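Colleague: Here's a structure for you.
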Amino acid sequence: MNYFPCFINLDNKKVLFVGAGKIAVRKIFFLIKMNAQIIVVSRKISNNLIKLHREKKIDWIDTNFFENQLKKIFLVIVATDNNSLNKYIYEKTKQKKILVNVVDDRSKCTFIFPSIVERFPIIVAVSSGGTAPVLTKMIKEKIESTLPMNLGKSALLAQKWRSHVKLKFKKSIYRRHFWEKIFEGMFVNHVLNGNFKKAIKVLNNEIKRKKVIKGEISLVGAGPGDGGLLTLKGLQVIQKADVVLYDNLVSSEILSLIRKDAKKIYVGKEAKKLCISQEEINLILIKMAKKGKKVVRLKGGDPFIFGRGGEELEVAKKFKINFQVIPGITSAIGVSSYAGIPLTHRNYSSGIIIINGCKKNEIEGKQNWKSISRLKNYTIVIYMPRLQSTYIFDELKANDYPLDMPIALIEQGTTLNQKTVIGIFKNLKSLLFLMKSPTLLILGKVVSLSKNLSWFKSDTNQNSLL
Ligand code: SAH
């Protein structure tokens, strides 16, 4: 079952508890903080609930459950140890379209309680939809240990300044930039250290500062596919972006890390397809940055390796737009690691040469295959090899590249769809024919090590023809 997460305002809403065991008591204490009107139906209640009742914080009905107790109730939490009674209440509440949660019985819940990390007014809710409660608890504990105890105070203090900031910055994007700067700077530190006056001074100074909002372009390498291979800095930058222009090689895992309200523009170039031109991409980058936006150009692998990153930065420079580059793990590095192929090894390879398999090299017109073929003690990594397999094969063969040299073809490397085919150079064309985009070609003696060193998806999808 899928659950939609949402936060409900329970201010003065009636919440009925039937049964009042330990779990119910915990929830009652939390719901009181949320200003809900709690009514407990139970013959017996614990001492702490009696105290709450005396303090008029909850109502207590000292009877069995009756259907008419559901009148005007918003939520029902059932926590008796009588299964048939629980079932009866669940059915009655469902009929009346009242939200109901039968404690510890997922099949009788129209809503569930998430695990909560609370730094009031900040609340982080975690749920696995009932599939893995222990995992949920572990995630909760992780978050719990990373959020400072009085973080919520920063939010409460900031709230008082919201209308003031709104008056000062009419556009929401500028407000967001303002708050990002505040929450990343000394303001939070001062609040955490209990120096509220200093914190307010920081806010005041920042509001008064004359603002020139400048856009910027960040070229970010997304790595070869596995979301875990995105750099920490890359993550921080994409989470602050107003606009993200991304390629077809950027995995959906990485795309899901982009801020939800950022504008995402797909500008992928796929071989043999009609696509957006480089000039059009440059134009969007410049236009957005000139509007004062934080623009991220997100590319598969590393932006400077066969990614036209340099060209885009030259344009940014020409238009006097600030830019930065956050490198990514290029596929030669990432994909070879996931295929268990060390690119250098004292006994097999003294270096790496990285080339692309395109027929035309814009500087020289043609790769220098004669020199490349001589590198028998090196690892040759070829990007975009699929469409020119005959060309690559013929050129290397004509220059006496060994027909029995081990080769690896890796499709969608570092992702769960990774497919690895190991063979020898003689069979390059027929093997490449089996592969889909994106595929990386590695040639060299180190490839023979993958049999031993393969670790990722090592129990599936590994076709060794060696
Ligand atoms: N900037 C990218 C390369 C872009 S060129 C980088 O640094 O990796 C596109 C080529 O990269 C593809 O044709 C393929 O050869 C290679 N490639 C990119 N991601 C890959 C992946 N996950 N698995 C295999 N090859 C990949």
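We name chains A, B, ... following the order of the structure tokens; residues begin at 1 in each chain, and ligands are numbered from 1 as shown.
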Which residues are near ligand 1 in this structure, taking near to mean any atom at most 9 Å from a ligand atom and counting only C-alpha atoms and all ligand atoms? Format them as an mmCIF file with all heavy atoms, in the first residue's frame.
Modeller:
data_model
loop_
_atom_site.group_PDB
_atom_site.id
_atom_site.type_symbol
_atom_site.label_atom_id
_atom_site.label_comp_id
_atom_site.auth_asym_id
_atom_site.auth_seq_id
_atom_site.Cartn_x
_atom_site.Cartn_y
_atom_site.Cartn_z
ATOM 1 N N GLY A 221 29.209 17.683 -12.436
ATOM 2 C CA GLY A 221 29.316 16.311 -12.938
ATOM 3 C C GLY A 221 28.474 15.389 -12.067
ATOM 4 O O GLY A 221 28.622 15.381 -10.843
ATOM 5 N N ALA A 222 27.578 14.639 -12.696
ATOM 6 C CA ALA A 222 26.661 13.789 -11.928
ATOM 7 C C ALA A 222 27.246 12.404 -11.675
ATOM 8 O O ALA A 222 26.644 11.592 -10.976
ATOM 9 C CB ALA A 222 25.342 13.664 -12.684
ATOM 10 N N GLY A 223 28.409 12.126 -12.268
ATOM 11 C CA GLY A 223 28.944 10.763 -12.135
ATOM 12 C C GLY A 223 28.254 9.838 -13.130
ATOM 13 O O GLY A 223 27.328 10.244 -13.839
ATOM 14 N N PRO A 224 28.683 8.576 -13.179
ATOM 15 C CA PRO A 224 28.223 7.689 -14.236
ATOM 16 C C PRO A 224 26.827 7.087 -14.055
ATOM 17 O O PRO A 224 26.303 6.488 -14.971
ATOM 18 C CB PRO A 224 29.277 6.589 -14.247
ATOM 19 C CG PRO A 224 29.907 6.622 -12.903
ATOM 20 C CD PRO A 224 29.758 7.998 -12.361
ATOM 21 N N GLY A 225 26.224 7.186 -12.899
ATOM 22 C CA GLY A 225 24.873 6.606 -12.767
ATOM 23 C C GLY A 225 24.460 6.403 -11.324
ATOM 24 O O GLY A 225 23.463 6.954 -10.868
ATOM 25 N N ASP A 226 25.230 5.615 -10.593
ATOM 26 C CA ASP A 226 24.914 5.364 -9.188
ATOM 27 C C ASP A 226 24.846 6.702 -8.436
ATOM 28 O O ASP A 226 25.817 7.470 -8.429
ATOM 29 C CB ASP A 226 26.026 4.478 -8.595
ATOM 30 C CG ASP A 226 25.804 4.181 -7.108
ATOM 31 O OD1 ASP A 226 24.903 4.791 -6.503
ATOM 32 O OD2 ASP A 226 26.539 3.347 -6.561
ATOM 33 N N LEU A 249 22.208 11.383 -19.907
ATOM 34 C CA LEU A 249 23.012 10.418 -19.150
ATOM 35 C C LEU A 249 22.878 10.595 -17.636
ATOM 36 O O LEU A 249 23.420 9.808 -16.878
ATOM 37 C CB LEU A 249 24.485 10.532 -19.546
ATOM 38 C CG LEU A 249 24.882 9.823 -20.845
ATOM 39 C CD1 LEU A 249 26.354 10.009 -21.125
ATOM 40 C CD2 LEU A 249 24.533 8.342 -20.814
ATOM 41 N N VAL A 250 22.155 11.626 -17.209
ATOM 42 C CA VAL A 250 22.004 11.837 -15.764
ATOM 43 C C VAL A 250 20.917 10.883 -15.251
ATOM 44 O O VAL A 250 19.797 10.881 -15.763
ATOM 45 C CB VAL A 250 21.638 13.297 -15.451
ATOM 46 C CG1 VAL A 250 21.426 13.492 -13.965
ATOM 47 C CG2 VAL A 250 22.716 14.238 -15.972
ATOM 48 N N SER A 251 21.268 10.056 -14.264
ATOM 49 C CA SER A 251 20.330 9.017 -13.831
ATOM 50 C C SER A 251 19.144 9.619 -13.077
ATOM 51 O O SER A 251 19.243 10.699 -12.496
ATOM 52 C CB SER A 251 21.044 8.007 -12.934
ATOM 53 O OG SER A 251 21.423 8.623 -11.725
ATOM 54 N N LYS A 299 25.662 17.283 -15.878
ATOM 55 C CA LYS A 299 26.075 16.383 -16.965
ATOM 56 C C LYS A 299 26.484 15.024 -16.435
ATOM 57 O O LYS A 299 27.024 14.943 -15.329
ATOM 58 C CB LYS A 299 27.291 16.972 -17.678
ATOM 59 C CG LYS A 299 26.975 18.198 -18.501
ATOM 60 C CD LYS A 299 28.260 18.869 -18.903
ATOM 61 C CE LYS A 299 27.984 20.090 -19.736
ATOM 62 N NZ LYS A 299 27.632 19.779 -21.115
ATOM 63 N N GLY A 300 26.270 13.999 -17.241
ATOM 64 C CA GLY A 300 26.700 12.663 -16.846
ATOM 65 C C GLY A 300 28.218 12.626 -16.701
ATOM 66 O O GLY A 300 28.931 13.348 -17.406
ATOM 67 N N GLY A 301 28.720 11.833 -15.777
ATOM 68 C CA GLY A 301 30.176 11.691 -15.607
ATOM 69 C C GLY A 301 30.807 12.986 -15.155
ATOM 70 O O GLY A 301 30.337 13.633 -14.218
ATOM 71 N N ASP A 302 31.856 13.378 -15.860
ATOM 72 C CA ASP A 302 32.534 14.641 -15.563
ATOM 73 C C ASP A 302 32.256 15.628 -16.706
ATOM 74 O O ASP A 302 32.293 15.244 -17.866
ATOM 75 C CB ASP A 302 34.045 14.394 -15.449
ATOM 76 C CG ASP A 302 34.763 15.689 -15.163
ATOM 77 O OD1 ASP A 302 34.797 16.083 -13.988
ATOM 78 O OD2 ASP A 302 35.260 16.330 -16.115
ATOM 79 N N PRO A 303 31.979 16.881 -16.366
ATOM 80 C CA PRO A 303 31.595 17.826 -17.427
ATOM 81 C C PRO A 303 32.720 18.153 -18.411
ATOM 82 O O PRO A 303 32.457 18.572 -19.527
ATOM 83 C CB PRO A 303 31.178 19.086 -16.664
ATOM 84 C CG PRO A 303 31.480 18.866 -15.234
ATOM 85 C CD PRO A 303 31.897 17.457 -15.019
ATOM 86 N N PHE A 304 33.968 17.940 -17.994
ATOM 87 C CA PHE A 304 35.074 18.287 -18.881
ATOM 88 C C PHE A 304 35.565 17.100 -19.711
ATOM 89 O O PHE A 304 36.499 17.219 -20.475
ATOM 90 C CB PHE A 304 36.251 18.842 -18.054
ATOM 91 C CG PHE A 304 36.111 20.304 -17.701
ATOM 92 C CD1 PHE A 304 37.065 20.946 -16.921
ATOM 93 C CD2 PHE A 304 35.034 21.059 -18.157
ATOM 94 C CE1 PHE A 304 36.954 22.287 -16.603
ATOM 95 C CE2 PHE A 304 34.903 22.408 -17.846
ATOM 96 C CZ PHE A 304 35.861 23.021 -17.068
ATOM 97 N N ILE A 305 34.982 15.937 -19.507
ATOM 98 C CA ILE A 305 35.403 14.779 -20.315
ATOM 99 C C ILE A 305 34.290 14.487 -21.322
ATOM 100 O O ILE A 305 33.204 14.016 -20.958
ATOM 101 C CB ILE A 305 35.644 13.525 -19.443
ATOM 102 C CG1 ILE A 305 36.650 13.796 -18.327
ATOM 103 C CG2 ILE A 305 36.096 12.339 -20.315
ATOM 104 C CD1 ILE A 305 38.097 13.827 -18.734
ATOM 105 N N PHE A 306 34.562 14.784 -22.559
ATOM 106 C CA PHE A 306 33.599 14.614 -23.649
ATOM 107 C C PHE A 306 32.216 15.129 -23.262
ATOM 108 O O PHE A 306 31.200 14.484 -23.534
ATOM 109 C CB PHE A 306 33.524 13.139 -24.087
ATOM 110 C CG PHE A 306 34.858 12.574 -24.482
ATOM 111 C CD1 PHE A 306 35.324 11.387 -23.948
ATOM 112 C CD2 PHE A 306 35.677 13.269 -25.369
ATOM 113 C CE1 PHE A 306 36.574 10.888 -24.293
ATOM 114 C CE2 PHE A 306 36.926 12.779 -25.718
ATOM 115 C CZ PHE A 306 37.379 11.587 -25.182
ATOM 116 N N GLY A 307 32.206 16.270 -22.611
ATOM 117 C CA GLY A 307 30.920 16.793 -22.145
ATOM 118 C C GLY A 307 30.662 18.224 -22.580
ATOM 119 O O GLY A 307 29.672 18.821 -22.174
ATOM 120 N N ARG A 308 31.506 18.773 -23.391
ATOM 121 C CA ARG A 308 31.364 20.146 -23.887
ATOM 122 C C ARG A 308 31.298 21.197 -22.788
ATOM 123 O O ARG A 308 30.793 22.306 -22.988
ATOM 124 C CB ARG A 308 30.103 20.265 -24.755
ATOM 125 C CG ARG A 308 30.141 19.341 -25.948
ATOM 126 C CD ARG A 308 29.314 19.898 -27.049
ATOM 127 N NE ARG A 308 29.254 18.993 -28.171
ATOM 128 C CZ ARG A 308 28.677 19.301 -29.301
ATOM 129 N NH1 ARG A 308 28.109 20.482 -29.447
ATOM 130 N NH2 ARG A 308 28.657 18.443 -30.290
ATOM 131 N N GLY A 309 31.777 20.797 -21.606
ATOM 132 C CA GLY A 309 31.749 21.734 -20.479
ATOM 133 C C GLY A 309 32.551 22.986 -20.778
ATOM 134 O O GLY A 309 32.138 24.099 -20.474
ATOM 135 N N GLY A 328 32.878 15.551 -11.689
ATOM 136 C CA GLY A 328 32.150 14.315 -11.377
ATOM 137 C C GLY A 328 33.057 13.141 -11.683
ATOM 138 O O GLY A 328 34.116 13.297 -12.296
ATOM 139 N N ILE A 329 32.645 11.973 -11.255
ATOM 140 C CA ILE A 329 33.443 10.770 -11.576
ATOM 141 C C ILE A 329 33.144 10.408 -13.023
ATOM 142 O O ILE A 329 31.990 10.120 -13.373
ATOM 143 C CB ILE A 329 33.067 9.618 -10.628
ATOM 144 C CG1 ILE A 329 33.476 9.985 -9.200
ATOM 145 C CG2 ILE A 329 33.726 8.319 -11.078
ATOM 146 C CD1 ILE A 329 33.227 8.922 -8.171
ATOM 147 N N THR A 330 34.157 10.479 -13.829
ATOM 148 C CA THR A 330 33.937 10.164 -15.244
ATOM 149 C C THR A 330 33.720 8.656 -15.411
ATOM 150 O O THR A 330 34.160 7.854 -14.575
ATOM 151 C CB THR A 330 35.127 10.664 -16.099
ATOM 152 O OG1 THR A 330 34.763 10.523 -17.469
ATOM 153 C CG2 THR A 330 36.399 9.890 -15.819
ATOM 154 N N SER A 331 33.027 8.271 -16.497
ATOM 155 C CA SER A 331 32.655 6.856 -16.608
ATOM 156 C C SER A 331 33.878 5.944 -16.684
ATOM 157 O O SER A 331 33.825 4.824 -16.185
ATOM 158 C CB SER A 331 31.693 6.618 -17.760
ATOM 159 O OG SER A 331 32.025 7.387 -18.852
ATOM 160 N N ALA A 332 34.969 6.401 -17.274
ATOM 161 C CA ALA A 332 36.160 5.532 -17.325
ATOM 162 C C ALA A 332 36.524 5.079 -15.913
ATOM 163 O O ALA A 332 36.813 3.901 -15.680
ATOM 164 C CB ALA A 332 37.335 6.282 -17.945
ATOM 165 N N ILE A 333 36.473 5.996 -14.974
ATOM 166 C CA ILE A 333 36.869 5.690 -13.598
ATOM 167 C C ILE A 333 35.776 4.894 -12.879
ATOM 168 O O ILE A 333 36.026 3.853 -12.277
ATOM 169 C CB ILE A 333 37.143 7.007 -12.814
ATOM 170 C CG1 ILE A 333 38.118 7.908 -13.565
ATOM 171 C CG2 ILE A 333 37.609 6.703 -11.388
ATOM 172 C CD1 ILE A 333 39.510 7.390 -13.699
ATOM 173 N N GLY A 334 34.540 5.406 -12.959
ATOM 174 C CA GLY A 334 33.448 4.777 -12.211
ATOM 175 C C GLY A 334 33.075 3.406 -12.756
ATOM 176 O O GLY A 334 32.981 2.420 -12.019
ATOM 177 N N VAL A 335 32.902 3.340 -14.067
ATOM 178 C CA VAL A 335 32.415 2.102 -14.686
ATOM 179 C C VAL A 335 33.466 0.994 -14.570
ATOM 180 O O VAL A 335 33.142 -0.165 -14.285
ATOM 181 C CB VAL A 335 32.018 2.381 -16.159
ATOM 182 C CG1 VAL A 335 31.693 1.109 -16.899
ATOM 183 C CG2 VAL A 335 30.851 3.353 -16.215
ATOM 184 N N SER A 336 34.729 1.343 -14.768
ATOM 185 C CA SER A 336 35.776 0.314 -14.669
ATOM 186 C C SER A 336 35.831 -0.241 -13.245
ATOM 187 O O SER A 336 35.951 -1.447 -13.045
ATOM 188 C CB SER A 336 37.142 0.878 -15.080
ATOM 189 O OG SER A 336 37.476 1.967 -14.247
ATOM 190 N N ASN A 356 37.602 9.121 -27.553
ATOM 191 C CA ASN A 356 36.212 8.817 -27.925
ATOM 192 C C ASN A 356 36.203 8.104 -29.268
ATOM 193 O O ASN A 356 37.138 8.230 -30.056
ATOM 194 C CB ASN A 356 35.343 10.066 -27.900
ATOM 195 C CG ASN A 356 35.600 10.978 -29.058
ATOM 196 O OD1 ASN A 356 35.455 10.584 -30.208
ATOM 197 N ND2 ASN A 356 36.013 12.200 -28.759
ATOM 198 N N GLY A 357 35.158 7.356 -29.480
ATOM 199 C CA GLY A 357 35.119 6.487 -30.657
ATOM 200 C C GLY A 357 34.547 7.161 -31.887
ATOM 201 O O GLY A 357 34.276 6.496 -32.891
ATOM 202 N N VAL A 381 40.665 3.297 -22.997
ATOM 203 C CA VAL A 381 39.236 3.416 -22.696
ATOM 204 C C VAL A 381 38.595 4.232 -23.812
ATOM 205 O O VAL A 381 39.047 5.339 -24.114
ATOM 206 C CB VAL A 381 38.997 4.116 -21.342
ATOM 207 C CG1 VAL A 381 37.512 4.155 -21.018
ATOM 208 C CG2 VAL A 381 39.760 3.410 -20.226
ATOM 209 N N ILE A 382 37.579 3.655 -24.426
ATOM 210 C CA ILE A 382 36.932 4.358 -25.544
ATOM 211 C C ILE A 382 35.478 4.690 -25.195
ATOM 212 O O ILE A 382 34.661 3.807 -24.931
ATOM 213 C CB ILE A 382 37.008 3.540 -26.859
ATOM 214 C CG1 ILE A 382 38.465 3.143 -27.143
ATOM 215 C CG2 ILE A 382 36.412 4.340 -28.003
ATOM 216 C CD1 ILE A 382 38.713 2.503 -28.507
ATOM 217 N N TYR A 383 35.176 5.999 -25.172
ATOM 218 C CA TYR A 383 33.810 6.476 -24.942
ATOM 219 C C TYR A 383 33.070 6.449 -26.277
ATOM 220 O O TYR A 383 33.678 6.589 -27.336
ATOM 221 C CB TYR A 383 33.827 7.926 -24.436
ATOM 222 C CG TYR A 383 34.275 8.114 -22.999
ATOM 223 C CD1 TYR A 383 35.521 7.685 -22.571
ATOM 224 C CD2 TYR A 383 33.444 8.757 -22.078
ATOM 225 C CE1 TYR A 383 35.935 7.871 -21.253
ATOM 226 C CE2 TYR A 383 33.851 8.958 -20.763
ATOM 227 C CZ TYR A 383 35.091 8.510 -20.363
ATOM 228 O OH TYR A 383 35.499 8.706 -19.067
ATOM 229 N N MET A 384 31.764 6.315 -26.215
ATOM 230 C CA MET A 384 30.882 6.327 -27.397
ATOM 231 C C MET A 384 31.378 5.375 -28.489
ATOM 232 O O MET A 384 31.608 5.769 -29.632
ATOM 233 C CB MET A 384 30.806 7.755 -27.972
ATOM 234 C CG MET A 384 30.186 8.740 -27.017
ATOM 235 S SD MET A 384 30.322 10.423 -27.598
ATOM 236 C CE MET A 384 31.780 10.993 -26.769
ATOM 237 N N PRO A 385 31.593 4.094 -28.160
ATOM 238 C CA PRO A 385 32.198 3.199 -29.149
ATOM 239 C C PRO A 385 31.176 2.516 -30.069
ATOM 240 O O PRO A 385 31.551 1.958 -31.093
ATOM 241 C CB PRO A 385 32.840 2.135 -28.252
ATOM 242 C CG PRO A 385 31.929 2.050 -27.072
ATOM 243 C CD PRO A 385 31.329 3.411 -26.874
ATOM 244 N N ARG A 386 29.887 2.602 -29.723
ATOM 245 C CA ARG A 386 28.932 1.697 -30.379
ATOM 246 C C ARG A 386 28.712 1.975 -31.863
ATOM 247 O O ARG A 386 28.641 1.069 -32.679
ATOM 248 C CB ARG A 386 27.580 1.760 -29.660
ATOM 249 C CG ARG A 386 27.488 0.812 -28.488
ATOM 250 C CD ARG A 386 26.133 0.846 -27.853
ATOM 251 N NE ARG A 386 25.334 1.977 -28.228
ATOM 252 C CZ ARG A 386 24.258 1.911 -28.975
ATOM 253 N NH1 ARG A 386 23.842 0.771 -29.417
ATOM 254 N NH2 ARG A 386 23.579 2.999 -29.273
ATOM 255 N N LEU A 409 33.146 -4.657 -22.428
ATOM 256 C CA LEU A 409 32.097 -3.729 -22.849
ATOM 257 C C LEU A 409 31.145 -3.626 -21.677
ATOM 258 O O LEU A 409 30.651 -4.648 -21.187
ATOM 259 C CB LEU A 409 31.367 -4.289 -24.066
ATOM 260 C CG LEU A 409 32.269 -4.517 -25.261
ATOM 261 C CD1 LEU A 409 31.928 -5.791 -25.957
ATOM 262 C CD2 LEU A 409 32.168 -3.338 -26.169
ATOM 263 N N ILE A 410 30.931 -2.416 -21.228
ATOM 264 C CA ILE A 410 30.078 -2.262 -20.050
ATOM 265 C C ILE A 410 28.956 -1.286 -20.369
ATOM 266 O O ILE A 410 29.197 -0.144 -20.738
ATOM 267 C CB ILE A 410 30.895 -1.778 -18.828
ATOM 268 C CG1 ILE A 410 32.080 -2.721 -18.614
ATOM 269 C CG2 ILE A 410 30.029 -1.750 -17.569
ATOM 270 C CD1 ILE A 410 33.365 -2.021 -18.396
ATOM 271 N N GLU A 411 27.738 -1.804 -20.226
ATOM 272 C CA GLU A 411 26.561 -0.993 -20.547
ATOM 273 C C GLU A 411 25.933 -0.516 -19.236
ATOM 274 O O GLU A 411 25.846 -1.290 -18.276
ATOM 275 C CB GLU A 411 25.585 -1.901 -21.310
ATOM 276 C CG GLU A 411 24.259 -1.285 -21.678
ATOM 277 C CD GLU A 411 23.363 -2.350 -22.318
ATOM 278 O OE1 GLU A 411 23.757 -2.969 -23.326
ATOM 279 O OE2 GLU A 411 22.265 -2.578 -21.771
ATOM 280 N N GLN A 412 25.510 0.727 -19.202
ATOM 281 C CA GLN A 412 24.865 1.312 -18.008
ATOM 282 C C GLN A 412 25.636 1.001 -16.724
ATOM 283 O O GLN A 412 25.056 0.578 -15.709
ATOM 284 C CB GLN A 412 23.427 0.819 -17.870
ATOM 285 C CG GLN A 412 22.525 1.304 -18.989
ATOM 286 C CD GLN A 412 21.066 1.050 -18.688
ATOM 287 O OE1 GLN A 412 20.542 1.501 -17.676
ATOM 288 N NE2 GLN A 412 20.407 0.316 -19.550
ATOM 289 N N GLY A 413 26.943 1.183 -16.821
ATOM 290 C CA GLY A 413 27.800 0.863 -15.678
ATOM 291 C C GLY A 413 27.418 1.622 -14.421
ATOM 292 O O GLY A 413 26.878 2.724 -14.475
ATOM 293 N N THR A 414 27.670 1.009 -13.290
ATOM 294 C CA THR A 414 27.424 1.510 -11.927
ATOM 295 C C THR A 414 25.948 1.556 -11.545
ATOM 296 O O THR A 414 25.607 1.939 -10.442
ATOM 297 C CB THR A 414 28.049 2.917 -11.627
ATOM 298 O OG1 THR A 414 27.217 3.932 -12.174
ATOM 299 C CG2 THR A 414 29.460 3.050 -12.119
ATOM 300 N N THR A 415 25.049 1.197 -12.483
ATOM 301 C CA THR A 415 23.627 1.156 -12.129
ATOM 302 C C THR A 415 23.210 -0.303 -11.956
ATOM 303 O O THR A 415 23.957 -1.216 -12.339
ATOM 304 C CB THR A 415 22.743 1.778 -13.229
ATOM 305 O OG1 THR A 415 22.680 0.855 -14.324
ATOM 306 C CG2 THR A 415 23.297 3.102 -13.719
ATOM 307 N N GLN A 418 23.563 -2.571 -14.915
ATOM 308 C CA GLN A 418 24.896 -2.783 -15.513
ATOM 309 C C GLN A 418 24.993 -4.154 -16.180
ATOM 310 O O GLN A 418 24.600 -5.164 -15.603
ATOM 311 C CB GLN A 418 25.981 -2.668 -14.431
ATOM 312 C CG GLN A 418 27.371 -3.006 -14.939
ATOM 313 C CD GLN A 418 28.463 -2.662 -13.928
ATOM 314 O OE1 GLN A 418 28.476 -1.570 -13.381
ATOM 315 N NE2 GLN A 418 29.367 -3.582 -13.692
ATOM 316 N N LYS A 419 25.494 -4.104 -17.421
ATOM 317 C CA LYS A 419 25.735 -5.367 -18.132
ATOM 318 C C LYS A 419 27.194 -5.358 -18.567
ATOM 319 O O LYS A 419 27.657 -4.388 -19.168
ATOM 320 C CB LYS A 419 24.803 -5.429 -19.351
ATOM 321 C CG LYS A 419 25.020 -6.594 -20.259
ATOM 322 C CD LYS A 419 23.939 -6.572 -21.341
ATOM 323 C CE LYS A 419 24.418 -7.245 -22.599
ATOM 324 N NZ LYS A 419 23.474 -7.095 -23.709
ATOM 325 N N SER A 437 23.050 1.791 -25.469
ATOM 326 C CA SER A 437 23.654 3.016 -24.945
ATOM 327 C C SER A 437 23.287 3.226 -23.467
ATOM 328 O O SER A 437 22.168 2.905 -23.085
ATOM 329 C CB SER A 437 23.133 4.192 -25.769
ATOM 330 O OG SER A 437 23.702 5.375 -25.308
ATOM 331 N N PRO A 438 24.182 3.738 -22.634
ATOM 332 C CA PRO A 438 25.566 4.060 -22.902
ATOM 333 C C PRO A 438 26.477 2.864 -22.626
ATOM 334 O O PRO A 438 26.274 2.141 -21.670
ATOM 335 C CB PRO A 438 25.849 5.172 -21.881
ATOM 336 C CG PRO A 438 25.000 4.815 -20.701
ATOM 337 C CD PRO A 438 23.779 4.157 -21.266
ATOM 338 N N THR A 439 27.434 2.691 -23.523
ATOM 339 C CA THR A 439 28.397 1.594 -23.341
ATOM 340 C C THR A 439 29.816 2.141 -23.387
ATOM 341 O O THR A 439 30.112 3.024 -24.191
ATOM 342 C CB THR A 439 28.199 0.530 -24.450
ATOM 343 O OG1 THR A 439 27.005 -0.192 -24.162
ATOM 344 C CG2 THR A 439 29.356 -0.463 -24.490
ATOM 345 N N LEU A 440 30.652 1.601 -22.536
ATOM 346 C CA LEU A 440 32.055 1.990 -22.490
ATOM 347 C C LEU A 440 32.886 0.781 -22.927
ATOM 348 O O LEU A 440 32.561 -0.347 -22.572
ATOM 349 C CB LEU A 440 32.414 2.370 -21.042
ATOM 350 C CG LEU A 440 33.721 3.106 -20.862
ATOM 351 C CD1 LEU A 440 33.577 4.556 -21.331
ATOM 352 C CD2 LEU A 440 34.128 3.114 -19.387
ATOM 353 N N LEU A 441 33.930 1.074 -23.695
ATOM 354 C CA LEU A 441 34.807 -0.006 -24.170
ATOM 355 C C LEU A 441 36.181 0.132 -23.503
ATOM 356 O O LEU A 441 36.753 1.219 -23.478
ATOM 357 C CB LEU A 441 34.943 0.109 -25.698
ATOM 358 C CG LEU A 441 35.999 -0.740 -26.384
ATOM 359 C CD1 LEU A 441 35.769 -2.225 -26.157
ATOM 360 C CD2 LEU A 441 36.023 -0.451 -27.891
#
Colleague: Skipping near chain neighbours, those fewer than 6 positions away, what residues fall within 6 Å of Ile217 in chain A using only C-alpha atoms, listed as number ranges by chain?
Modeller: A: 295-296, 323
Colleague: Give me a file of those residues, with N, CA and C atoms, as a tab-separated table (two decimals), in the first residue's frame.
Modeller:
chain	number	residue	atom	x	y	z
A	295	VAL	N	21.95	28.74	-11.86
A	295	VAL	CA	21.72	27.75	-12.93
A	295	VAL	C	22.73	26.61	-12.77
A	296	VAL	N	22.21	25.40	-12.78
A	296	VAL	CA	23.10	24.24	-12.76
A	296	VAL	C	23.03	23.54	-14.11
A	323	PHE	N	30.90	31.67	-12.77
A	323	PHE	CA	30.69	30.23	-12.94
A	323	PHE	C	31.63	29.44	-12.05
Colleague: Leaving out Lys108 in chain A and any residue of its chain fewer than 5 positions from it, which residues lie within 8 Å of it when counting only C-alpha atoms, given as a PDB file with N, CA and C atoms, in the first residue's frame?
Modeller:
ATOM      1  N   LYS A  87     -11.948  -4.609  15.199  1.00  0.00           N
ATOM      2  CA  LYS A  87     -12.491  -4.777  13.848  1.00  0.00           C
ATOM      3  C   LYS A  87     -13.816  -4.033  13.715  1.00  0.00           C
ATOM      4  N   TYR A  90     -13.202  -0.335  13.599  1.00  0.00           N
ATOM      5  CA  TYR A  90     -12.603   0.009  12.301  1.00  0.00           C
ATOM      6  C   TYR A  90     -13.693   0.103  11.237  1.00  0.00           C
ATOM      7  N   VAL A 100      -8.978   6.361  10.590  1.00  0.00           N
ATOM      8  CA  VAL A 100      -8.811   5.453  11.718  1.00  0.00           C
ATOM      9  C   VAL A 100      -7.455   4.741  11.668  1.00  0.00           C
ATOM     10  N   ASN A 101      -6.889   4.544  12.845  1.00  0.00           N
ATOM     11  CA  ASN A 101      -5.650   3.781  12.971  1.00  0.00           C
ATOM     12  C   ASN A 101      -5.828   2.758  14.088  1.00  0.00           C
ATOM     13  N   VAL A 102      -5.789   1.469  13.713  1.00  0.00           N
ATOM     14  CA  VAL A 102      -5.833   0.432  14.735  1.00  0.00           C
ATOM     15  C   VAL A 102      -4.377   0.063  15.028  1.00  0.00           C
TER      16      VAL A 102
END
Colleague: Please provide the set of residues having any atom within 12 Å of Ala24 in chain A, restricted to only C-alpha atoms, with same-chain residues fewer than 2 positions apart removed, written as a PyMOL selection string.
Modeller: chain A and resi 15-22+26-31+38-42+45-46+48-49+76-81+101-104+113
Colleague: For a quick check of understanding, using only C-alpha atoms, which of A:Ile182, A:Leu235, A:Ile276, A:Leu443 has the smallest distance to Glu253 in chain A?
Modeller: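 Comparing A:Ile182, A:Leu235, A:Ile276, A:Leu443 against Glu253 in chain A, the winner is A:Leu235.
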Colleague: List every residue of range 17-235 of chain A that DSSP, applied to the backbone of this structure, assigns to alpha helix (DSSP H), and report them as an NGL selection string.
Modeller: :A and (22-33 or 47-54 or 83-95 or 133-146 or 151-168 or 172-184 or 186-192 or 196-208 or 232-235)
Colleague: Could you pull out the strand (DSSP E) residues of range 33-63 of chain A, going by DSSP on the backbone, and write them as a list in words?
Modeller: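 Those in range 33-63 of chain A that DSSP calls strand (DSSP E) are Gln37, Ile38, Ile39, Val40, Val41, Ile58, Asp59, Trp60 and Ile61 of chain A.
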